[in-house]
$ cat target.cif   # mmCIF, C-alpha atoms
data_final
loop_
_atom_site.label_atom_id
_atom_site.label_comp_id
_atom_site.auth_asym_id
_atom_site.auth_seq_id
_atom_site.Cartn_x
_atom_site.Cartn_y
_atom_site.Cartn_z
CA MET A 1 41.13 -28.56 13.00
CA THR A 2 37.42 -29.17 12.39
CA ARG A 3 35.72 -32.26 13.84
CA VAL A 4 32.91 -33.31 11.51
CA LEU A 5 30.11 -35.24 13.21
CA SER A 6 27.66 -37.75 11.81
CA PRO A 7 24.30 -36.10 11.10
CA VAL A 8 22.47 -39.41 11.59
CA SER A 9 22.87 -42.79 13.28
CA GLY A 10 23.40 -45.82 11.10
CA ARG A 11 26.03 -47.82 9.25
CA VAL A 12 28.96 -46.03 7.63
CA VAL A 13 29.39 -47.08 3.98
CA GLY A 14 31.99 -44.55 2.81
CA LEU A 15 31.54 -42.43 -0.31
CA ALA A 16 32.15 -45.51 -2.47
CA GLY A 17 28.94 -46.93 -0.97
CA VAL A 18 26.78 -44.05 -2.25
CA PRO A 19 24.65 -45.16 -5.22
CA ASP A 20 25.46 -41.97 -7.14
CA PRO A 21 28.69 -41.55 -9.16
CA VAL A 22 29.03 -37.83 -8.32
CA PHE A 23 29.37 -38.67 -4.61
CA ALA A 24 30.96 -42.12 -5.00
CA GLN A 25 33.83 -40.68 -7.08
CA ALA A 26 34.25 -37.74 -4.65
CA MET A 27 33.54 -35.20 -7.42
CA VAL A 28 31.83 -32.94 -4.88
CA GLY A 29 34.63 -33.45 -2.38
CA PRO A 30 36.07 -36.02 0.01
CA GLY A 31 34.14 -37.35 2.97
CA THR A 32 32.10 -40.40 3.88
CA ALA A 33 28.49 -41.58 3.96
CA VAL A 34 26.05 -43.16 6.39
CA ASP A 35 23.20 -45.55 5.62
CA PRO A 36 20.77 -44.23 8.24
CA GLU A 37 18.60 -46.12 10.69
CA ARG A 38 15.11 -46.49 9.30
CA GLY A 39 12.37 -44.53 11.01
CA PRO A 40 11.55 -40.90 11.75
CA GLY A 41 14.39 -38.76 13.04
CA GLN A 42 16.34 -35.55 12.74
CA ALA A 43 19.57 -34.88 10.87
CA ILE A 44 21.91 -32.66 12.90
CA ALA A 45 24.53 -30.02 12.15
CA PRO A 46 27.89 -31.77 11.59
CA VAL A 47 29.84 -28.67 12.69
CA THR A 48 29.19 -25.40 14.50
CA GLY A 49 28.73 -22.59 12.02
CA LYS A 50 26.34 -20.87 9.63
CA ILE A 51 23.75 -22.56 7.42
CA VAL A 52 24.78 -21.14 4.03
CA LYS A 53 22.57 -23.41 1.90
CA LEU A 54 19.38 -25.08 3.02
CA HIS A 55 17.17 -27.35 0.95
CA PRO A 56 14.81 -29.93 2.43
CA HIS A 57 17.09 -32.75 1.21
CA ALA A 58 20.50 -31.12 1.73
CA TYR A 59 22.30 -28.42 3.68
CA VAL A 60 25.73 -26.81 3.97
CA VAL A 61 27.20 -25.55 7.25
CA VAL A 62 30.34 -23.38 7.11
CA ASP A 63 32.41 -23.20 10.29
CA GLU A 64 34.51 -20.29 11.55
CA GLU A 65 37.55 -21.64 9.68
CA GLY A 66 35.65 -21.46 6.38
CA HIS A 67 35.15 -25.22 6.07
CA GLY A 68 31.89 -25.98 4.29
CA VAL A 69 30.31 -29.35 5.10
CA LEU A 70 27.55 -30.67 2.85
CA VAL A 71 25.00 -33.10 4.26
CA HIS A 72 22.93 -34.72 1.50
CA LEU A 73 19.95 -36.72 2.81
CA GLY A 74 19.39 -39.58 0.40
CA ILE A 75 19.95 -39.89 -3.33
CA ASP A 76 17.63 -38.26 -5.91
CA THR A 77 15.67 -36.80 -2.99
CA VAL A 78 15.68 -33.38 -4.70
CA LYS A 79 12.91 -34.85 -6.89
CA LEU A 80 10.66 -35.07 -3.80
CA LYS A 81 10.45 -31.24 -3.82
CA GLY A 82 10.61 -31.12 -0.02
CA GLU A 83 7.93 -33.73 0.62
CA GLY A 84 8.79 -35.78 3.71
CA PHE A 85 11.29 -33.25 5.05
CA ASP A 86 10.77 -30.71 7.85
CA LEU A 87 13.16 -27.75 8.04
CA LEU A 88 14.04 -26.97 11.67
CA VAL A 89 16.35 -23.99 11.00
CA GLY A 90 16.61 -21.29 8.36
CA GLU A 91 19.24 -20.41 5.77
CA GLY A 92 21.65 -17.93 7.37
CA ASP A 93 21.06 -19.27 10.89
CA GLN A 94 23.96 -19.98 13.23
CA VAL A 95 23.89 -23.57 14.50
CA VAL A 96 25.95 -25.59 16.95
CA SER A 97 27.22 -29.06 16.13
CA GLY A 98 24.60 -31.58 17.15
CA GLN A 99 21.68 -29.16 16.66
CA PRO A 100 18.73 -30.65 14.68
CA VAL A 101 18.53 -29.16 11.16
CA VAL A 102 16.07 -31.32 9.20
CA GLY A 103 13.40 -33.78 10.29
CA TRP A 104 12.88 -36.74 7.95
CA ASN A 105 12.09 -40.44 7.73
CA PRO A 106 14.62 -42.59 5.83
CA ALA A 107 12.10 -45.48 5.73
CA VAL A 108 9.68 -43.32 3.71
CA ILE A 109 12.50 -42.29 1.32
CA GLU A 110 13.38 -45.96 0.80
CA ALA A 111 9.72 -46.99 0.38
CA GLY A 112 9.54 -44.43 -2.44
CA GLY A 113 12.30 -46.28 -4.31
CA ARG A 114 15.18 -43.97 -3.39
CA SER A 115 18.33 -44.62 -1.39
CA PRO A 116 18.33 -42.88 2.02
CA VAL A 117 22.16 -42.95 2.23
CA CYS A 118 23.52 -39.64 3.59
CA ALA A 119 26.69 -38.23 2.07
CA VAL A 120 28.79 -36.01 4.36
CA VAL A 121 31.23 -34.08 2.20
CA ALA A 122 34.03 -31.59 2.82
CA LEU A 123 33.44 -28.99 0.11
CA ASP A 124 36.46 -27.51 -1.68
CA ALA A 125 38.84 -29.79 0.21
CA GLY A 126 41.69 -31.86 -1.10
CA ALA A 127 41.58 -35.54 -0.17
CA ASP A 128 44.70 -35.01 1.97
CA ALA A 129 42.91 -32.37 4.10
CA LEU A 130 40.87 -35.03 5.89
CA SER A 131 42.10 -37.47 8.50
CA ASP A 132 40.62 -40.26 10.60
CA VAL A 133 37.84 -40.76 8.03
CA VAL A 134 35.39 -43.44 9.18
CA GLU A 135 34.68 -45.76 6.22
CA SER A 136 32.73 -48.59 7.85
CA GLY A 137 30.96 -49.77 10.98
CA GLU A 138 28.09 -48.51 13.08
CA VAL A 139 27.95 -44.83 14.02
CA THR A 140 25.71 -42.86 16.33
CA LYS A 141 24.39 -39.42 15.53
CA GLY A 142 26.93 -36.87 16.78
CA ALA A 143 29.93 -39.24 16.64
CA GLU A 144 33.01 -38.02 14.75
CA LEU A 145 33.17 -39.04 11.06
CA PHE A 146 36.42 -37.26 10.15
CA THR A 147 38.65 -34.33 11.00
CA TRP A 148 39.50 -31.55 8.56
CA SER A 149 42.71 -29.56 8.89
#

$ encode --input "target.cif" --output "structure tokens"
Amino acid sequence: MTRVLSPVSGRVVGLAGVPDPVFAQAMVGPGTAVDPERGPGQAIAPVTGKIVKLHPHAYVVVDEEGHGVLVHLGIDTVKLKGEGFDLLVGEGDQVVSGQPVVGWNPAVIEAGGRSPVCAVVALDAGADALSDVVESGEVTKGAELFTWS
């Protein structure tokens, strides 16, 4: 059983609240999403494991059970080519849940006309693999978003 934590503090909007059909329709996988607090901060590792993919706007951590969790910071943020993001770890690094991975400022993302909503997705998981998925309400960074069995 993997406990997946919120990478940021903010308001949970669920995947349906992501202004991108690929995430909103769970094409990447099931999960949830958080509309982050505005202002500078750090997105954390949602699980303990290895950083297998690291881009300024997105990262994937795979835990010891082989569960890959994607954290996508904002929508269309790939077009920023890393501007406004600060990588705090490297691809291949081992991280512990709660460890800062990327520094960023959601307010700057929003000021640039993009949504700062963060999708947190269970890669290669069936919808029935997740339980206790948080779909709404306020969440603090490091609080549980869902469990993955």

$ resolve_selection --input "target.cif" --expression "the PyMOL selection byres ((chain A and resi 33) around 6)" --output "VMD selection string"
chain A and resid 12 to 15 32 34 118 to 120

$ write_last_selection --input "target.cif" --atoms "C-alpha atoms" --output "PDB file, keeping the file's coordinate frame"
ATOM      1  CA  VAL A  12      28.960 -46.030   7.630  1.00  0.00           C
ATOM      2  CA  VAL A  13      29.390 -47.080   3.980  1.00  0.00           C
ATOM      3  CA  GLY A  14      31.990 -44.550   2.810  1.00  0.00           C
ATOM      4  CA  LEU A  15      31.540 -42.430  -0.310  1.00  0.00           C
ATOM      5  CA  THR A  32      32.100 -40.400   3.880  1.00  0.00           C
ATOM      6  CA  VAL A  34      26.050 -43.160   6.390  1.00  0.00           C
ATOM      7  CA  CYS A 118      23.520 -39.640   3.590  1.00  0.00           C
ATOM      8  CA  ALA A 119      26.690 -38.230   2.070  1.00  0.00           C
ATOM      9  CA  VAL A 120      28.790 -36.010   4.360  1.00  0.00           C
TER      10      VAL A 120
END

$ resolve_selection --input "target.cif" --expression "the PyMOL selection byres ((chain A and resi 89) around 12)" --output "list in words"
Gln42, Ala43, Ile44, Ala45, Lys50, Ile51, Val52, Lys53, Leu54, His55, Pro56, Tyr59, Val61, Asp86, Leu87, Leu88, Gly90, Glu91, Gly92, Asp93, Gln94, Val95, Val96, Gln99, Pro100, Val101, Val102 and Gly103 of chain A

$ closest_residue --input "target.cif" --among "A:Glu110, A:Glu144, A:Glu83, A:Glu64" --to "Ser131 (chain A)" --atoms "all atoms listed in the file"
A:Glu144

$ residues_near_point --input "target.cif" --point "(9.8, -41.7, 2.6)" --cutoff "10 Å" --atoms "all atoms listed in the file" --output "PyMOL selection string"
chain A and resi 38-40+77+80+83-85+104-116

$ atom_distance --input "target.cif" --atom1 "CA of Met1 (chain A)" --atom2 "CA of Gly17 (chain A)"
26.1 Å

$ resolve_selection --input "target.cif" --expression "the PyMOL selection byres ((chain A and resi 146) around 8)" --output "NGL selection string"
:A and (3-5 or 31 or 130-134 or 144-145 or 147-148)

$ closest_residue --input "target.cif" --among "A:Ile75, A:Val60, A:Leu70, A:Ala143" --to "Ala122 (chain A)" --atoms "all atoms listed in the file"
A:Leu70

$ closest_residue --input "target.cif" --among "A:Gly68, A:Gly41, A:Pro7, A:Pro30" --to "Glu135 (chain A)" --atoms "only C-alpha atoms"
A:Pro30

$ atom_distance --input "target.cif" --atom1 "CA of Val47 (chain A)" --atom2 "CA of Gln25 (chain A)"
23.5 Å

$ closest_residue --input "target.cif" --among "A:Val62, A:Val139, A:Val8, A:Val28" --to "Ala127 (chain A)" --atoms "all atoms listed in the file"
A:Val28

$ atom_distance --input "target.cif" --atom1 "CA of Val78 (chain A)" --atom2 "CA of Ala58 (chain A)"
8.3 Å

$ closest_residue --input "target.cif" --among "A:Gly137, A:Ala129, A:Asp35, A:Thr48" --to "Pro19 (chain A)" --atoms "all atoms listed in the file"
A:Asp35

$ closest_residue --input "target.cif" --among "A:Ala26, A:Glu37, A:Pro21, A:Val117" --to "Gly74 (chain A)" --atoms "only C-alpha atoms"
A:Val117

$ build_atoms --input "target.cif" --residues "region 53-64 of chain A" --atoms "all heavy atoms" --output "JSON list (two decimals), keeping the file's coordinate frame"
[["chain", "number", "residue", "atom", "x", "y", "z"],
["A", 53, "LYS", "N", 23.51, -22.86, 2.89],
["A", 53, "LYS", "CA", 22.57, -23.41, 1.90],
["A", 53, "LYS", "C", 21.65, -24.34, 2.64],
["A", 53, "LYS", "O", 22.09, -25.17, 3.44],
["A", 53, "LYS", "CB", 23.30, -24.21, 0.82],
["A", 53, "LYS", "CG", 23.58, -23.52, -0.48],
["A", 53, "LYS", "CD", 22.33, -23.04, -1.15],
["A", 53, "LYS", "CE", 22.69, -22.22, -2.37],
["A", 53, "LYS", "NZ", 21.82, -21.11, -2.62],
["A", 54, "LEU", "N", 20.35, -24.22, 2.36],
["A", 54, "LEU", "CA", 19.38, -25.08, 3.02],
["A", 54, "LEU", "C", 18.29, -25.47, 2.04],
["A", 54, "LEU", "O", 17.57, -24.62, 1.54],
["A", 54, "LEU", "CB", 18.77, -24.37, 4.24],
["A", 54, "LEU", "CG", 17.73, -25.16, 5.02],
["A", 54, "LEU", "CD1", 18.34, -26.40, 5.66],
["A", 54, "LEU", "CD2", 17.09, -24.27, 6.09],
["A", 55, "HIS", "N", 18.25, -26.74, 1.74],
["A", 55, "HIS", "CA", 17.17, -27.35, 0.95],
["A", 55, "HIS", "C", 16.59, -28.42, 1.85],
["A", 55, "HIS", "O", 17.26, -28.90, 2.77],
["A", 55, "HIS", "CB", 17.72, -28.00, -0.32],
["A", 55, "HIS", "CG", 18.44, -27.05, -1.23],
["A", 55, "HIS", "ND1", 17.78, -26.13, -2.02],
["A", 55, "HIS", "CD2", 19.75, -26.87, -1.47],
["A", 55, "HIS", "CE1", 18.67, -25.43, -2.71],
["A", 55, "HIS", "NE2", 19.88, -25.86, -2.39],
["A", 56, "PRO", "N", 15.36, -28.86, 1.58],
["A", 56, "PRO", "CA", 14.81, -29.93, 2.43],
["A", 56, "PRO", "C", 15.69, -31.18, 2.45],
["A", 56, "PRO", "O", 15.82, -31.82, 3.49],
["A", 56, "PRO", "CB", 13.45, -30.21, 1.78],
["A", 56, "PRO", "CG", 13.08, -28.91, 1.13],
["A", 56, "PRO", "CD", 14.38, -28.33, 0.64],
["A", 57, "HIS", "N", 16.32, -31.51, 1.33],
["A", 57, "HIS", "CA", 17.09, -32.75, 1.21],
["A", 57, "HIS", "C", 18.60, -32.58, 1.43],
["A", 57, "HIS", "O", 19.33, -33.57, 1.42],
["A", 57, "HIS", "CB", 16.87, -33.36, -0.19],
["A", 57, "HIS", "CG", 17.49, -32.51, -1.26],
["A", 57, "HIS", "ND1", 16.90, -31.36, -1.70],
["A", 57, "HIS", "CD2", 18.66, -32.64, -1.93],
["A", 57, "HIS", "CE1", 17.68, -30.80, -2.61],
["A", 57, "HIS", "NE2", 18.76, -31.55, -2.77],
["A", 58, "ALA", "N", 19.05, -31.35, 1.62],
["A", 58, "ALA", "CA", 20.50, -31.12, 1.73],
["A", 58, "ALA", "C", 20.77, -29.77, 2.39],
["A", 58, "ALA", "O", 19.97, -28.84, 2.25],
["A", 58, "ALA", "CB", 21.15, -31.15, 0.35],
["A", 59, "TYR", "N", 21.92, -29.69, 3.08],
["A", 59, "TYR", "CA", 22.30, -28.42, 3.68],
["A", 59, "TYR", "C", 23.82, -28.33, 3.78],
["A", 59, "TYR", "O", 24.52, -29.33, 3.79],
["A", 59, "TYR", "CB", 21.64, -28.20, 5.04],
["A", 59, "TYR", "CG", 21.78, -29.33, 6.04],
["A", 59, "TYR", "CD1", 22.80, -29.34, 6.99],
["A", 59, "TYR", "CD2", 20.88, -30.39, 6.05],
["A", 59, "TYR", "CE1", 22.91, -30.37, 7.92],
["A", 59, "TYR", "CE2", 20.99, -31.43, 6.97],
["A", 59, "TYR", "CZ", 22.00, -31.41, 7.91],
["A", 59, "TYR", "OH", 22.11, -32.42, 8.82],
["A", 60, "VAL", "N", 24.30, -27.08, 3.83],
["A", 60, "VAL", "CA", 25.73, -26.81, 3.97],
["A", 60, "VAL", "C", 25.93, -25.91, 5.19],
["A", 60, "VAL", "O", 25.28, -24.87, 5.31],
["A", 60, "VAL", "CB", 26.31, -26.11, 2.72],
["A", 60, "VAL", "CG1", 27.78, -25.76, 2.93],
["A", 60, "VAL", "CG2", 26.14, -26.98, 1.48],
["A", 61, "VAL", "N", 26.83, -26.34, 6.08],
["A", 61, "VAL", "CA", 27.20, -25.55, 7.25],
["A", 61, "VAL", "C", 28.67, -25.16, 7.08],
["A", 61, "VAL", "O", 29.51, -26.02, 6.82],
["A", 61, "VAL", "CB", 27.03, -26.35, 8.56],
["A", 61, "VAL", "CG1", 27.34, -25.46, 9.77],
["A", 61, "VAL", "CG2", 25.62, -26.93, 8.68],
["A", 62, "VAL", "N", 28.96, -23.86, 7.20],
["A", 62, "VAL", "CA", 30.34, -23.38, 7.11],
["A", 62, "VAL", "C", 30.78, -22.95, 8.50],
["A", 62, "VAL", "O", 30.13, -22.13, 9.15],
["A", 62, "VAL", "CB", 30.47, -22.20, 6.12],
["A", 62, "VAL", "CG1", 31.89, -21.64, 6.12],
["A", 62, "VAL", "CG2", 30.09, -22.65, 4.71],
["A", 63, "ASP", "N", 31.91, -23.52, 8.95],
["A", 63, "ASP", "CA", 32.41, -23.20, 10.29],
["A", 63, "ASP", "C", 33.26, -21.94, 10.27],
["A", 63, "ASP", "O", 33.48, -21.34, 9.21],
["A", 63, "ASP", "CB", 33.16, -24.41, 10.90],
["A", 63, "ASP", "CG", 34.52, -24.67, 10.28],
["A", 63, "ASP", "OD1", 34.98, -23.90, 9.41],
["A", 63, "ASP", "OD2", 35.15, -25.67, 10.67],
["A", 64, "GLU", "N", 33.75, -21.54, 11.43],
["A", 64, "GLU", "CA", 34.51, -20.29, 11.55],
["A", 64, "GLU", "C", 35.84, -20.32, 10.80],
["A", 64, "GLU", "O", 36.42, -19.29, 10.53],
["A", 64, "GLU", "CB", 34.73, -19.93, 13.02],
["A", 64, "GLU", "CG", 35.52, -20.96, 13.80],
["A", 64, "GLU", "CD", 35.56, -20.70, 15.30],
["A", 64, "GLU", "OE1", 34.78, -19.86, 15.78],
["A", 64, "GLU", "OE2", 36.37, -21.34, 15.98]]
